[in-house]
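Structure file input17.txt (compact mmCIF, N, CA and C atoms) is printed below.
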# COMPACT_ATOMS: atom_id res chain seq x y z
N MET L 1 137.87 74.15 128.58
CA MET L 1 138.16 74.21 130.00
C MET L 1 138.57 75.64 130.34
N ASN L 2 138.03 76.20 131.39
CA ASN L 2 138.35 77.59 131.71
C ASN L 2 139.70 77.71 132.40
N ALA L 3 140.20 78.93 132.45
CA ALA L 3 141.54 79.19 132.97
C ALA L 3 141.69 78.79 134.43
N SER L 4 140.65 78.94 135.23
CA SER L 4 140.78 78.65 136.66
C SER L 4 141.05 77.17 136.92
N LYS L 5 140.64 76.31 136.01
CA LYS L 5 140.89 74.88 136.20
C LYS L 5 142.26 74.47 135.69
N LYS L 6 142.96 75.35 135.02
CA LYS L 6 144.26 75.03 134.45
C LYS L 6 145.43 75.70 135.17
N VAL L 7 145.19 76.40 136.25
CA VAL L 7 146.28 77.09 136.92
C VAL L 7 147.31 76.12 137.47
N TYR L 8 146.91 74.89 137.77
CA TYR L 8 147.85 73.92 138.31
C TYR L 8 148.95 73.58 137.31
N THR L 9 148.73 73.87 136.02
CA THR L 9 149.74 73.57 135.01
C THR L 9 150.87 74.60 135.01
N ASP L 10 150.65 75.74 135.64
CA ASP L 10 151.63 76.83 135.70
C ASP L 10 152.57 76.60 136.88
N SER L 11 153.84 76.32 136.59
CA SER L 11 154.78 76.03 137.67
C SER L 11 155.02 77.23 138.59
N SER L 12 154.70 78.43 138.11
CA SER L 12 154.89 79.61 138.96
C SER L 12 153.65 79.90 139.82
N TYR L 13 152.58 79.15 139.61
CA TYR L 13 151.37 79.35 140.42
C TYR L 13 151.62 78.75 141.79
N ASN L 14 151.55 79.59 142.80
CA ASN L 14 151.87 79.15 144.16
C ASN L 14 150.78 79.60 145.12
N ILE L 15 151.02 79.39 146.39
CA ILE L 15 150.02 79.69 147.40
C ILE L 15 149.74 81.19 147.48
N GLU L 16 150.76 82.03 147.26
CA GLU L 16 150.53 83.47 147.28
C GLU L 16 149.55 83.87 146.17
N LYS L 17 149.74 83.30 144.99
CA LYS L 17 148.84 83.61 143.88
C LYS L 17 147.45 83.05 144.14
N LEU L 18 147.38 81.88 144.74
CA LEU L 18 146.08 81.30 145.08
C LEU L 18 145.34 82.18 146.08
N SER L 19 146.05 82.64 147.11
CA SER L 19 145.38 83.48 148.11
C SER L 19 144.92 84.81 147.48
N ASP L 20 145.72 85.37 146.57
CA ASP L 20 145.31 86.59 145.86
C ASP L 20 144.08 86.32 145.00
N THR L 21 144.08 85.20 144.29
CA THR L 21 142.96 84.84 143.42
C THR L 21 141.67 84.71 144.22
N LEU L 22 141.77 84.10 145.39
CA LEU L 22 140.59 83.88 146.23
C LEU L 22 140.23 85.08 147.10
N GLY L 23 141.12 86.05 147.17
CA GLY L 23 140.87 87.22 148.00
C GLY L 23 140.97 86.93 149.49
N LEU L 24 141.83 85.98 149.83
CA LEU L 24 142.05 85.62 151.24
C LEU L 24 143.49 85.90 151.61
N SER L 25 143.71 86.20 152.87
CA SER L 25 145.09 86.32 153.31
C SER L 25 145.71 84.93 153.29
N ARG L 26 147.02 84.88 153.24
CA ARG L 26 147.69 83.58 153.21
C ARG L 26 147.37 82.79 154.48
N GLY L 27 147.33 83.45 155.62
CA GLY L 27 147.01 82.79 156.88
C GLY L 27 145.60 82.23 156.91
N HIS L 28 144.64 83.01 156.39
CA HIS L 28 143.25 82.55 156.34
C HIS L 28 143.12 81.36 155.40
N LEU L 29 143.79 81.45 154.25
CA LEU L 29 143.78 80.34 153.29
C LEU L 29 144.36 79.08 153.94
N HIS L 30 145.45 79.25 154.66
CA HIS L 30 146.08 78.10 155.33
C HIS L 30 145.11 77.46 156.32
N ARG L 31 144.48 78.27 157.14
CA ARG L 31 143.53 77.73 158.13
C ARG L 31 142.36 77.00 157.46
N LYS L 32 141.81 77.59 156.40
CA LYS L 32 140.66 76.99 155.73
C LYS L 32 141.02 75.66 155.06
N ILE L 33 142.12 75.64 154.33
CA ILE L 33 142.51 74.40 153.66
C ILE L 33 142.87 73.32 154.67
N LYS L 34 143.58 73.71 155.73
CA LYS L 34 143.94 72.75 156.77
C LYS L 34 142.68 72.18 157.43
N GLU L 35 141.71 73.04 157.68
CA GLU L 35 140.45 72.62 158.30
C GLU L 35 139.66 71.67 157.40
N LEU L 36 139.64 71.96 156.10
CA LEU L 36 138.85 71.17 155.17
C LEU L 36 139.53 69.88 154.71
N THR L 37 140.85 69.90 154.59
CA THR L 37 141.55 68.76 153.99
C THR L 37 142.52 68.07 154.94
N GLY L 38 142.90 68.75 156.01
CA GLY L 38 143.89 68.18 156.92
C GLY L 38 145.32 68.32 156.43
N THR L 39 145.52 69.03 155.31
CA THR L 39 146.87 69.25 154.77
C THR L 39 147.13 70.74 154.65
N THR L 40 148.38 71.07 154.47
CA THR L 40 148.75 72.47 154.24
C THR L 40 148.40 72.84 152.80
N PRO L 41 148.27 74.12 152.50
CA PRO L 41 147.99 74.52 151.12
C PRO L 41 149.05 74.04 150.13
N VAL L 42 150.31 74.08 150.53
CA VAL L 42 151.39 73.62 149.65
C VAL L 42 151.22 72.13 149.34
N ASP L 43 150.95 71.33 150.37
CA ASP L 43 150.73 69.90 150.16
C ASP L 43 149.47 69.64 149.34
N PHE L 44 148.43 70.43 149.59
CA PHE L 44 147.19 70.27 148.84
C PHE L 44 147.42 70.51 147.35
N LEU L 45 148.11 71.60 147.01
CA LEU L 45 148.38 71.92 145.62
C LEU L 45 149.27 70.84 144.99
N ARG L 46 150.31 70.41 145.69
CA ARG L 46 151.20 69.36 145.18
C ARG L 46 150.43 68.06 144.96
N ASN L 47 149.60 67.67 145.91
CA ASN L 47 148.83 66.43 145.77
C ASN L 47 147.81 66.52 144.63
N PHE L 48 147.23 67.70 144.45
CA PHE L 48 146.32 67.90 143.33
C PHE L 48 147.06 67.72 142.01
N ARG L 49 148.23 68.32 141.90
CA ARG L 49 149.04 68.18 140.69
C ARG L 49 149.42 66.72 140.47
N LEU L 50 149.78 66.02 141.54
CA LEU L 50 150.16 64.61 141.41
C LEU L 50 148.98 63.74 140.97
N SER L 51 147.79 64.05 141.45
CA SER L 51 146.63 63.26 141.02
C SER L 51 146.35 63.50 139.53
N LYS L 52 146.52 64.72 139.07
CA LYS L 52 146.37 65.01 137.64
C LYS L 52 147.46 64.29 136.84
N ALA L 53 148.67 64.27 137.38
CA ALA L 53 149.78 63.57 136.72
C ALA L 53 149.50 62.07 136.61
N ALA L 54 148.99 61.49 137.66
CA ALA L 54 148.68 60.05 137.65
C ALA L 54 147.66 59.75 136.56
N ALA L 55 146.67 60.61 136.42
CA ALA L 55 145.66 60.41 135.37
C ALA L 55 146.28 60.50 133.98
N LEU L 56 147.19 61.44 133.79
CA LEU L 56 147.87 61.56 132.49
C LEU L 56 148.76 60.35 132.22
N LEU L 57 149.44 59.87 133.24
CA LEU L 57 150.31 58.70 133.06
C LEU L 57 149.51 57.46 132.67
N ARG L 58 148.31 57.33 133.21
CA ARG L 58 147.46 56.18 132.88
C ARG L 58 147.02 56.19 131.42
N GLN L 59 147.04 57.36 130.79
CA GLN L 59 146.64 57.46 129.38
C GLN L 59 147.75 56.99 128.43
N HIS L 60 148.97 56.86 128.92
CA HIS L 60 150.12 56.34 128.14
C HIS L 60 150.40 57.15 126.88
N GLN L 61 150.09 58.44 126.86
CA GLN L 61 150.31 59.25 125.66
C GLN L 61 151.49 60.19 125.79
N LEU L 62 151.95 60.46 127.01
CA LEU L 62 153.02 61.43 127.23
C LEU L 62 154.18 60.78 127.97
N THR L 63 155.35 61.36 127.80
CA THR L 63 156.49 60.90 128.57
C THR L 63 156.37 61.42 130.00
N VAL L 64 157.18 60.87 130.88
CA VAL L 64 157.18 61.32 132.28
C VAL L 64 157.54 62.80 132.35
N SER L 65 158.52 63.23 131.59
CA SER L 65 158.91 64.65 131.60
C SER L 65 157.77 65.54 131.11
N GLU L 66 157.08 65.12 130.06
CA GLU L 66 155.96 65.91 129.56
C GLU L 66 154.86 66.02 130.61
N VAL L 67 154.58 64.93 131.29
CA VAL L 67 153.57 64.94 132.35
C VAL L 67 154.01 65.88 133.46
N ALA L 68 155.27 65.82 133.85
CA ALA L 68 155.79 66.69 134.91
C ALA L 68 155.56 68.15 134.56
N TYR L 69 155.95 68.55 133.37
CA TYR L 69 155.80 69.95 132.97
C TYR L 69 154.33 70.34 132.80
N GLN L 70 153.50 69.44 132.31
CA GLN L 70 152.08 69.77 132.09
C GLN L 70 151.28 69.85 133.38
N THR L 71 151.85 69.35 134.46
CA THR L 71 151.14 69.42 135.74
C THR L 71 151.78 70.41 136.70
N GLY L 72 152.62 71.29 136.18
CA GLY L 72 153.12 72.39 136.98
C GLY L 72 154.41 72.14 137.74
N PHE L 73 155.08 71.04 137.48
CA PHE L 73 156.37 70.80 138.11
C PHE L 73 157.45 71.37 137.21
N SER L 74 158.40 72.07 137.79
CA SER L 74 159.44 72.71 136.99
C SER L 74 160.62 71.79 136.73
N SER L 75 160.64 70.63 137.39
CA SER L 75 161.74 69.69 137.24
C SER L 75 161.21 68.26 137.24
N PRO L 76 161.54 67.48 136.21
CA PRO L 76 161.13 66.07 136.22
C PRO L 76 161.71 65.29 137.40
N ALA L 77 162.91 65.65 137.84
CA ALA L 77 163.52 64.96 138.99
C ALA L 77 162.71 65.22 140.26
N TYR L 78 162.31 66.47 140.48
CA TYR L 78 161.50 66.79 141.66
C TYR L 78 160.13 66.14 141.56
N PHE L 79 159.57 66.13 140.35
CA PHE L 79 158.29 65.45 140.12
C PHE L 79 158.39 63.97 140.51
N THR L 80 159.44 63.32 140.07
CA THR L 80 159.64 61.90 140.38
C THR L 80 159.76 61.69 141.88
N LYS L 81 160.50 62.56 142.55
CA LYS L 81 160.67 62.46 144.00
C LYS L 81 159.32 62.59 144.72
N CYS L 82 158.53 63.57 144.33
CA CYS L 82 157.20 63.78 144.94
C CYS L 82 156.26 62.64 144.61
N PHE L 83 156.29 62.19 143.36
CA PHE L 83 155.41 61.12 142.93
C PHE L 83 155.70 59.84 143.72
N ARG L 84 156.98 59.52 143.86
CA ARG L 84 157.37 58.31 144.60
C ARG L 84 156.96 58.40 146.06
N ALA L 85 157.05 59.58 146.65
CA ALA L 85 156.67 59.77 148.06
C ALA L 85 155.19 59.49 148.28
N VAL L 86 154.35 59.81 147.29
CA VAL L 86 152.91 59.62 147.44
C VAL L 86 152.46 58.24 146.97
N TYR L 87 152.94 57.82 145.80
CA TYR L 87 152.45 56.58 145.19
C TYR L 87 153.35 55.35 145.45
N GLU L 88 154.50 55.58 146.05
CA GLU L 88 155.47 54.53 146.41
C GLU L 88 156.02 53.77 145.21
N VAL L 89 155.92 54.34 144.03
CA VAL L 89 156.56 53.84 142.80
C VAL L 89 156.97 55.06 142.00
N THR L 90 157.91 54.86 141.09
CA THR L 90 158.29 55.97 140.22
C THR L 90 157.20 56.19 139.17
N PRO L 91 157.17 57.36 138.55
CA PRO L 91 156.17 57.59 137.50
C PRO L 91 156.31 56.57 136.36
N SER L 92 157.52 56.17 136.02
CA SER L 92 157.72 55.17 134.96
C SER L 92 157.12 53.83 135.34
N GLU L 93 157.31 53.44 136.59
CA GLU L 93 156.73 52.18 137.05
C GLU L 93 155.21 52.27 137.09
N TYR L 94 154.69 53.42 137.48
CA TYR L 94 153.24 53.62 137.55
C TYR L 94 152.63 53.53 136.16
N LYS L 95 153.33 54.11 135.20
CA LYS L 95 152.86 54.16 133.82
C LYS L 95 152.73 52.76 133.28

Taking this structure as input, can you express it in the form of structure tokens?
Amino acid sequence: MNASKKVYTDSSYNIEKLSDTLGLSRGHLHRKIKELTGTTPVDFLRNFRLSKAAALLRQHQLTVSEVAYQTGFSSPAYFTKCFRAVYEVTPSEYK
């Protein structure tokens, strides 16, 4: 898997780095992502990470904390809060 598909695992990878990578201003990136997805870039990146986390949880091979860190969340508590907001269950219950 190439590096561009794994940037979501880096907790320091944020919208500023994404806009630099794509060669777009932050404002232009915001407009484009909002136009294409209906969400903000921050929400888009978070939801992408959560979808990857859900896939890892379904494999039953990693703990919730390991999944949180492998999908770019710097805190398992914040990961759980975000996961519950989207999936309406905790990561442990989802697993």

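With all atoms listed in the file as the atoms that count, the residue of L:Asp10, L:Asp20, L:Glu93, L:Glu35 with the shortest distance to Gln70 of chain L is L:Asp10.
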
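Among the candidates L:Leu22, L:Leu45, L:Arg31, L:Lys17, the one nearest to Phe73 of chain L when counting only C-alpha atoms is L:Leu45.
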
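Going from atom N of Glu16 of chain L over to atom C of Val86 of chain L, you cover 23.9 Å.
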
Notebook entry, point to check: DSSP says alpha helix (DSSP H) for which residues of chain L? Put them as a PyMOL selection string?
Noted result: chain L and resi 15-22+26-37+41-58+64-70+76-87+91-94

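With all atoms listed in the file as the atoms that count, the minimum distance from Phe83 of chain L to the choices L:Thr37, L:Leu50, L:Lys95, L:Val64 is reached by L:Leu50.
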
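Note that atom CA of Ser51 of chain L and atom C of Thr71 of chain L are 9.8 Å apart.
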
With the input short on atoms, add all heavy atoms back to segment 38-49 of chain L and write it as a PDB file, in the frame of the given file.
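Contents of the output file part32.pdb:
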ATOM      1  N   GLY L  38     142.900  68.750 156.010  1.00  0.00           N
ATOM      2  CA  GLY L  38     143.890  68.180 156.920  1.00  0.00           C
ATOM      3  C   GLY L  38     145.320  68.320 156.430  1.00  0.00           C
ATOM      4  O   GLY L  38     146.240  67.774 157.028  1.00  0.00           O
ATOM      5  N   THR L  39     145.520  69.030 155.310  1.00  0.00           N
ATOM      6  CA  THR L  39     146.870  69.250 154.770  1.00  0.00           C
ATOM      7  C   THR L  39     147.130  70.740 154.650  1.00  0.00           C
ATOM      8  O   THR L  39     146.213  71.553 154.677  1.00  0.00           O
ATOM      9  CB  THR L  39     147.037  68.611 153.379  1.00  0.00           C
ATOM     10  OG1 THR L  39     146.157  69.257 152.454  1.00  0.00           O
ATOM     11  CG2 THR L  39     146.770  67.123 153.390  1.00  0.00           C
ATOM     12  N   THR L  40     148.380  71.070 154.470  1.00  0.00           N
ATOM     13  CA  THR L  40     148.750  72.470 154.240  1.00  0.00           C
ATOM     14  C   THR L  40     148.400  72.840 152.800  1.00  0.00           C
ATOM     15  O   THR L  40     148.251  71.954 151.941  1.00  0.00           O
ATOM     16  CB  THR L  40     150.248  72.693 154.461  1.00  0.00           C
ATOM     17  OG1 THR L  40     150.965  71.962 153.454  1.00  0.00           O
ATOM     18  CG2 THR L  40     150.686  72.263 155.848  1.00  0.00           C
ATOM     19  N   PRO L  41     148.270  74.120 152.500  1.00  0.00           N
ATOM     20  CA  PRO L  41     147.990  74.520 151.120  1.00  0.00           C
ATOM     21  C   PRO L  41     149.050  74.040 150.130  1.00  0.00           C
ATOM     22  O   PRO L  41     148.716  73.618 149.028  1.00  0.00           O
ATOM     23  CB  PRO L  41     147.953  76.055 151.194  1.00  0.00           C
ATOM     24  CG  PRO L  41     147.542  76.343 152.593  1.00  0.00           C
ATOM     25  CD  PRO L  41     148.201  75.263 153.412  1.00  0.00           C
ATOM     26  N   VAL L  42     150.310  74.080 150.530  1.00  0.00           N
ATOM     27  CA  VAL L  42     151.390  73.620 149.650  1.00  0.00           C
ATOM     28  C   VAL L  42     151.220  72.130 149.340  1.00  0.00           C
ATOM     29  O   VAL L  42     151.289  71.711 148.177  1.00  0.00           O
ATOM     30  CB  VAL L  42     152.775  73.890 150.276  1.00  0.00           C
ATOM     31  CG1 VAL L  42     153.882  73.231 149.483  1.00  0.00           C
ATOM     32  CG2 VAL L  42     153.016  75.390 150.383  1.00  0.00           C
ATOM     33  N   ASP L  43     150.950  71.330 150.370  1.00  0.00           N
ATOM     34  CA  ASP L  43     150.730  69.900 150.160  1.00  0.00           C
ATOM     35  C   ASP L  43     149.470  69.640 149.340  1.00  0.00           C
ATOM     36  O   ASP L  43     149.438  68.755 148.489  1.00  0.00           O
ATOM     37  CB  ASP L  43     150.639  69.150 151.486  1.00  0.00           C
ATOM     38  CG  ASP L  43     151.972  69.052 152.195  1.00  0.00           C
ATOM     39  OD1 ASP L  43     153.030  69.220 151.538  1.00  0.00           O
ATOM     40  OD2 ASP L  43     151.965  68.811 153.422  1.00  0.00           O
ATOM     41  N   PHE L  44     148.430  70.430 149.590  1.00  0.00           N
ATOM     42  CA  PHE L  44     147.190  70.270 148.840  1.00  0.00           C
ATOM     43  C   PHE L  44     147.420  70.510 147.350  1.00  0.00           C
ATOM     44  O   PHE L  44     146.988  69.717 146.515  1.00  0.00           O
ATOM     45  CB  PHE L  44     146.122  71.234 149.380  1.00  0.00           C
ATOM     46  CG  PHE L  44     144.819  71.138 148.650  1.00  0.00           C
ATOM     47  CD1 PHE L  44     143.931  70.114 148.928  1.00  0.00           C
ATOM     48  CD2 PHE L  44     144.487  72.065 147.677  1.00  0.00           C
ATOM     49  CE1 PHE L  44     142.718  70.011 148.238  1.00  0.00           C
ATOM     50  CE2 PHE L  44     143.283  71.973 146.988  1.00  0.00           C
ATOM     51  CZ  PHE L  44     142.398  70.940 147.277  1.00  0.00           C
ATOM     52  N   LEU L  45     148.110  71.600 147.010  1.00  0.00           N
ATOM     53  CA  LEU L  45     148.380  71.920 145.620  1.00  0.00           C
ATOM     54  C   LEU L  45     149.270  70.840 144.990  1.00  0.00           C
ATOM     55  O   LEU L  45     149.008  70.392 143.873  1.00  0.00           O
ATOM     56  CB  LEU L  45     149.021  73.299 145.491  1.00  0.00           C
ATOM     57  CG  LEU L  45     149.330  73.800 144.079  1.00  0.00           C
ATOM     58  CD1 LEU L  45     148.080  73.808 143.213  1.00  0.00           C
ATOM     59  CD2 LEU L  45     149.962  75.185 144.132  1.00  0.00           C
ATOM     60  N   ARG L  46     150.310  70.410 145.690  1.00  0.00           N
ATOM     61  CA  ARG L  46     151.200  69.360 145.180  1.00  0.00           C
ATOM     62  C   ARG L  46     150.430  68.060 144.960  1.00  0.00           C
ATOM     63  O   ARG L  46     150.559  67.420 143.915  1.00  0.00           O
ATOM     64  CB  ARG L  46     152.364  69.126 146.138  1.00  0.00           C
ATOM     65  CG  ARG L  46     153.365  68.131 145.579  1.00  0.00           C
ATOM     66  CD  ARG L  46     154.519  67.821 146.531  1.00  0.00           C
ATOM     67  NE  ARG L  46     155.106  69.002 147.111  1.00  0.00           N
ATOM     68  CZ  ARG L  46     155.109  69.273 148.428  1.00  0.00           C
ATOM     69  NH1 ARG L  46     154.572  68.450 149.293  1.00  0.00           N
ATOM     70  NH2 ARG L  46     155.681  70.368 148.880  1.00  0.00           N
ATOM     71  N   ASN L  47     149.600  67.670 145.910  1.00  0.00           N
ATOM     72  CA  ASN L  47     148.830  66.430 145.770  1.00  0.00           C
ATOM     73  C   ASN L  47     147.810  66.520 144.630  1.00  0.00           C
ATOM     74  O   ASN L  47     147.567  65.539 143.928  1.00  0.00           O
ATOM     75  CB  ASN L  47     148.137  66.072 147.082  1.00  0.00           C
ATOM     76  CG  ASN L  47     149.123  65.641 148.133  1.00  0.00           C
ATOM     77  OD1 ASN L  47     150.244  65.235 147.830  1.00  0.00           O
ATOM     78  ND2 ASN L  47     148.718  65.721 149.394  1.00  0.00           N
ATOM     79  N   PHE L  48     147.230  67.700 144.450  1.00  0.00           N
ATOM     80  CA  PHE L  48     146.320  67.900 143.330  1.00  0.00           C
ATOM     81  C   PHE L  48     147.060  67.720 142.010  1.00  0.00           C
ATOM     82  O   PHE L  48     146.581  67.011 141.108  1.00  0.00           O
ATOM     83  CB  PHE L  48     145.679  69.297 143.399  1.00  0.00           C
ATOM     84  CG  PHE L  48     144.710  69.555 142.287  1.00  0.00           C
ATOM     85  CD1 PHE L  48     143.420  69.048 142.349  1.00  0.00           C
ATOM     86  CD2 PHE L  48     145.080  70.298 141.181  1.00  0.00           C
ATOM     87  CE1 PHE L  48     142.511  69.274 141.318  1.00  0.00           C
ATOM     88  CE2 PHE L  48     144.184  70.537 140.147  1.00  0.00           C
ATOM     89  CZ  PHE L  48     142.901  70.020 140.218  1.00  0.00           C
ATOM     90  N   ARG L  49     148.230  68.320 141.900  1.00  0.00           N
ATOM     91  CA  ARG L  49     149.040  68.180 140.690  1.00  0.00           C
ATOM     92  C   ARG L  49     149.420  66.720 140.470  1.00  0.00           C
ATOM     93  O   ARG L  49     149.408  66.227 139.333  1.00  0.00           O
ATOM     94  CB  ARG L  49     150.289  69.053 140.786  1.00  0.00           C
ATOM     95  CG  ARG L  49     149.998  70.525 140.600  1.00  0.00           C
ATOM     96  CD  ARG L  49     151.215  71.383 140.811  1.00  0.00           C
ATOM     97  NE  ARG L  49     150.967  72.732 140.321  1.00  0.00           N
ATOM     98  CZ  ARG L  49     151.610  73.798 140.740  1.00  0.00           C
ATOM     99  NH1 ARG L  49     152.561  73.692 141.653  1.00  0.00           N
ATOM    100  NH2 ARG L  49     151.312  74.982 140.249  1.00  0.00           N
TER     101      ARG L  49
END
